[in-house]
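First the structure, in the form of structure tokens, and then the observations on it.
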Amino acid sequence: MKNTFVLIALLSSLQFFAQNDQKTAFQKNKYELANSYYKKADFVKAIDLFSLVAKIKPENEIGKEAIKKVDTLRELLRKEILSQAIGTWKRTGSQPVWSAATTVTASQSTFDEVVEIKENEILFYEVDKKTKVKKLLRTENLVYNDAKSTVSLFSEIILSDGTVWNCSLNEKSDVLHVVNVAVKTEEGIKKIQSDNEENYYVKM
């Protein structure tokens, strides 16, 4: 009976070490892949992979190094997207800019919804189409989501009402697409699973 117990314990420990070795090998493989993207300056793919590496085994050296890389790349990518986003944008609707529905929606409104993005804040305006009178609706501090990303590690912002928006730019950086991906509650960040609100803006 005692021998059986020892054998079971031995087999269990061997299985644990085998799984642990597989986990470490997988982590190392993903870390090397992340580094290859990093060297090619494909920082978006690199940050996602480094984040995965950090989650696999955060306590080992590779995990710790991956966490450092995520922090570095997050700052770099945020500066890059912000430098392209700074300026004034006009809302075209909830459909892509090229959509026919966008043209119909825009023609029905008597005012334009305009957003001005600055280094540390976002200003929301309403502009009368006839008189061109510009009315400030509200000002929001530019607050990034560092707590729990749902789509992107670097381009999610949190507004004062708790809504979390993922922001992305097209290749020409003249169309801004924002999607409500989550909401911040007292319990933490809650992901929105379906019917996400989204808006498109064109640079003015």
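Chains: A, B, ... in order of the structure tokens. Residues: from 1 per chain. Ligands: from 1, in order shown.
If you count only C-alpha atoms and ignore residues fewer than 3 places along the chain from Lys57 (chain A), what sits within 12 Å of it is Asn20, Asp21, Gln22, Lys23, Thr24, Ala25, Phe26, Gln27, Lys28, Lys30, Tyr31, Phe50, Ser51, Leu52, Val53, Ala54, Asn60, Glu61, Ile62, Gly63, Lys64, Glu65, Ala66 and Ile67 of chain A.
Non-sequential neighbours of Val183 (chain A) (distance at most 10 Å, separation of 3 or more positions within a chain, only C-alpha atoms) are Ile158, Leu159, Asp161, Gly162, Thr163, Val164, Trp165, Asn180, Gly188, Ile189, Lys190, Lys191 and Ile192 of chain A.
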Keeping N, CA and C atoms for every residue in the selection just given, could you write it to a file as an mmCIF file, in the first residue's frame?
data_model
loop_
_atom_site.group_PDB
_atom_site.id
_atom_site.type_symbol
_atom_site.label_atom_id
_atom_site.label_comp_id
_atom_site.auth_asym_id
_atom_site.auth_seq_id
_atom_site.Cartn_x
_atom_site.Cartn_y
_atom_site.Cartn_z
ATOM 1 N N ILE A 158 -10.903 55.605 -21.015
ATOM 2 C CA ILE A 158 -12.071 55.558 -20.124
ATOM 3 C C ILE A 158 -12.627 56.967 -19.965
ATOM 4 N N LEU A 159 -13.924 57.123 -20.258
ATOM 5 C CA LEU A 159 -14.588 58.416 -20.083
ATOM 6 C C LEU A 159 -15.174 58.504 -18.678
ATOM 7 N N ASP A 161 -18.097 58.696 -17.581
ATOM 8 C CA ASP A 161 -19.294 57.887 -17.307
ATOM 9 C C ASP A 161 -18.957 56.403 -17.142
ATOM 10 N N GLY A 162 -17.660 56.068 -17.214
ATOM 11 C CA GLY A 162 -17.224 54.696 -17.014
ATOM 12 C C GLY A 162 -17.114 53.873 -18.284
ATOM 13 N N THR A 163 -17.561 54.431 -19.407
ATOM 14 C CA THR A 163 -17.475 53.681 -20.659
ATOM 15 C C THR A 163 -16.031 53.609 -21.142
ATOM 16 N N VAL A 164 -15.663 52.427 -21.658
ATOM 17 C CA VAL A 164 -14.305 52.187 -22.153
ATOM 18 C C VAL A 164 -14.376 52.071 -23.676
ATOM 19 N N TRP A 165 -13.584 52.894 -24.369
ATOM 20 C CA TRP A 165 -13.624 52.959 -25.829
ATOM 21 C C TRP A 165 -12.274 52.563 -26.424
ATOM 22 N N ASN A 180 -17.256 51.158 -28.193
ATOM 23 C CA ASN A 180 -17.459 50.978 -26.758
ATOM 24 C C ASN A 180 -17.296 49.494 -26.425
ATOM 25 N N GLY A 188 -14.981 46.335 -11.298
ATOM 26 C CA GLY A 188 -13.884 46.296 -12.266
ATOM 27 C C GLY A 188 -14.372 46.554 -13.682
ATOM 28 N N ILE A 189 -13.572 46.162 -14.659
ATOM 29 C CA ILE A 189 -13.906 46.372 -16.060
ATOM 30 C C ILE A 189 -14.786 45.225 -16.561
ATOM 31 N N LYS A 190 -15.972 45.572 -17.070
ATOM 32 C CA LYS A 190 -16.889 44.563 -17.590
ATOM 33 C C LYS A 190 -16.985 44.699 -19.113
ATOM 34 N N LYS A 191 -16.606 43.639 -19.799
ATOM 35 C CA LYS A 191 -16.593 43.637 -21.263
ATOM 36 C C LYS A 191 -18.010 43.629 -21.824
ATOM 37 N N ILE A 192 -18.232 44.410 -22.907
ATOM 38 C CA ILE A 192 -19.516 44.400 -23.602
ATOM 39 C C ILE A 192 -19.421 43.345 -24.697
#
### Task
Please report, as a ChimeraX atom specification, each residue of region 43-189 of chain A to which DSSP assigns strand (DSSP E) when run on this structure's backbone.
/A:87-93,111-117,121-128,134-141,156-158,163-169,175-185,188-189
### Query
Got a sec: who's within 12 Å of Thr131 (chain A), counting only C-alpha atoms, leaving out chain neighbours fewer than 4 positions off, as an NGL selection string?
:A and (110-112 or 126-127 or 135)
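Each of A:Gln193, A:Ser155, A:Gln95, A:Asn199 was checked against Leu76 (chain A) using only C-alpha atoms; the smallest atom-to-atom distance is that of A:Ser155.
The coordinates place CA of Leu137 (chain A) at 29.2 Å from CA of Leu77 (chain A).
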### Query
Can you tell me how far CA of Asn29 (chain A) sits from CA of Lys69 (chain A), in Å to one decimal?
15.9 Å
